[in-house]
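Novice: Right, I'll just put the structure down here and ask away after.
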Amino acid sequence: MPDIFVFPKKLLDPAVFVDPVPKPVNLEKIFLFQNNAHSARPSAAIKGKRLNAFSTFCEYPQDVSFANQLEDEVILLFLRADLITNVPWIAIVLVALLVPPLVLMLLGTFPFPTLTVSAQTTVILVALYYLVVFGYALGNTINWFYNIGMVTTKRVLDLDVSSVTYKNVASAIISSIADVDYTQRGFFQTFFDFGDVLIQTESKMSNIEFEKVPQPSVVEDIVIKLKEQNPET
Amino acid sequence: MSDFLTGLLHFNISMLVKIPLLLLIGLYIIFVFFMWNQVKSLNKLILIPHSSAQIILVFLAFVQLLIAISLFGIAVVIL
């Protein structure tokens, strides 16, 4: 009689059930920073990286500063939402750009007698439409560009922005961090390795969340190691 | 009474298109003005000295404001 079920031998190995180890972080650089924290510049042994316009994950960013930055505070990590998160609104903009020519072509082919608009009105309407589409694209670019997360030698900062009226800066000192965890939901986040990092602080009101940032496991690791170096006083 | 009715009959129907359009453009100008102000204040919050991206975003927001104001002027004239 043939075997109905044969237990796979590989399942006997406990290593099969262990979560994959995240990419190791070079923590020596972080410790060098902390030991040289009296100077705002990185030590000669460490070369900072220059940010470009599309940077989403930058360790030791050069020449970046922010309001209320302390003299001996050095930025260790600069984060933005992953570039792939911009694809939906870019697709909407590209489709929206094609709408007026299509509509005008359709109206030329199938004219509506009751809907006659003068040429001047058409020009103004089309110009306004393209202006609104441009405004939508610019607003989304501003939202992505200025929604920033930073990890410094002293604290973690989260800058949340809407393109028009909303701006929120949340920060928490390293020693007040209670817990750090990250989440990657769905195929795209797993495939492109981005996700949300939630930093819980002792105060209930000031949890910090870095949304859709690249390499969330690395971010979590860095914050945890910083926390170990800066225990509660 | 008859003068009112006569005036009503001679009401320019194109004003029904012009006034809402001008209102729409006016509201959009206010929105873009707030956007430009927001970008300027954000550039004071985060400083990346050698990056031209911040300057470009402020410039684009300002250009958009200028274009919206110009469109308003053109709409007033040609409609």
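Note on naming: chains are A, B, ... as they come in the structure tokens, residues start from 1 per chain, ligands start from 1 in the order shown.
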Range 58-173 of chain A: which residues are alpha helix (DSSP H) by DSSP, as a ChimeraX atom specification?

Specialist: /A:87-109,119-146

Novice: Just want the 8 Å neighbourhood of range 65-75 of chain B, counted on only C-alpha atoms, with same-chain residues fewer than 5 positions away dropped. Output as a list in words.

Specialist: Ile124, Ala127, Leu128 and Leu131 of chain A; Lys18, Leu22, Ile25, Gly26, Tyr28, Ile29, Val32, Phe33 and Trp36 of chain B

Novice: For chain B, which residues have at least one atom within 6 Å of chain A, if we go by only C-alpha atoms? Write them as a list in words, please.

Specialist: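 Interface list for chain B against chain A: Phe34, Met35, Gln38, Leu45, Ile46, Leu47, Ile48 and Ala53 of chain B.
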
Novice: How would the residues just chosen look if you wrote them out with N, CA and C atoms as a tab-separated table (two decimals), in the first residue's frame?

Specialist:
chain	number	residue	atom	x	y	z
B	34	PHE	N	-1.61	79.22	-0.47
B	34	PHE	CA	-1.34	78.48	0.77
B	34	PHE	C	-0.25	77.43	0.55
B	35	MET	N	-0.27	76.78	-0.63
B	35	MET	CA	0.73	75.76	-0.94
B	35	MET	C	2.12	76.41	-0.98
B	38	GLN	N	3.30	77.18	2.46
B	38	GLN	CA	3.64	75.94	3.17
B	38	GLN	C	5.04	75.48	2.79
B	45	LEU	N	12.23	74.68	8.02
B	45	LEU	CA	12.24	73.61	9.03
B	45	LEU	C	13.35	72.60	8.75
B	46	ILE	N	13.49	72.22	7.49
B	46	ILE	CA	14.51	71.25	7.08
B	46	ILE	C	15.42	71.94	6.08
B	47	LEU	N	16.73	71.88	6.37
B	47	LEU	CA	17.66	72.57	5.48
B	47	LEU	C	18.64	71.58	4.87
B	48	ILE	N	18.64	71.52	3.55
B	48	ILE	CA	19.60	70.68	2.82
B	48	ILE	C	20.35	71.64	1.89
B	53	ALA	N	16.58	70.73	-4.92
B	53	ALA	CA	15.19	70.27	-4.95
B	53	ALA	C	14.27	71.21	-4.17

Novice: Excluding Arg155 in chain A and any residue of its chain fewer than 3 positions from it, enumerate the residues within 8 Å of it, using only C-alpha atoms, and give them as a list in words.

Specialist: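 Near Arg155 in chain A, the qualifying residues are Val151, Thr152, Ser171, Ala172, Ile173 and Ile174 of chain A.
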
Novice: Would you please work out which residue, of A:Thr153, A:Asn86, A:Asn147, A:Asn140, is nearest to Asp72 in chain A when using only C-alpha atoms?

Specialist: A:Thr153

Novice: So what do you get for CA of Leu76 in chain A versus CA of Gly186 in chain A, distance-wise?

Specialist: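 Straight-line distance from CA of Leu76 in chain A to CA of Gly186 in chain A works out to 28.9 Å.
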
Novice: Using DSSP on the backbone coordinates, identify all residues within range 193-231 of chain A classified as strand (DSSP E); present the result as a list in words.

Specialist: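 Taking range 193-231 of chain A and keeping strand (DSSP E) gives Phe194, Gly195, Asp196, Val197, Leu198, Ile199, Gln200, Thr201, Ile208, Glu209, Phe210, Glu211, Lys212, Val213 and Pro214 of chain A.
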
Novice: To one decimal place in Å, what is the distance between CA of Val219 in chain A and CA of Tyr182 in chain A?

Specialist: 8.8 Å
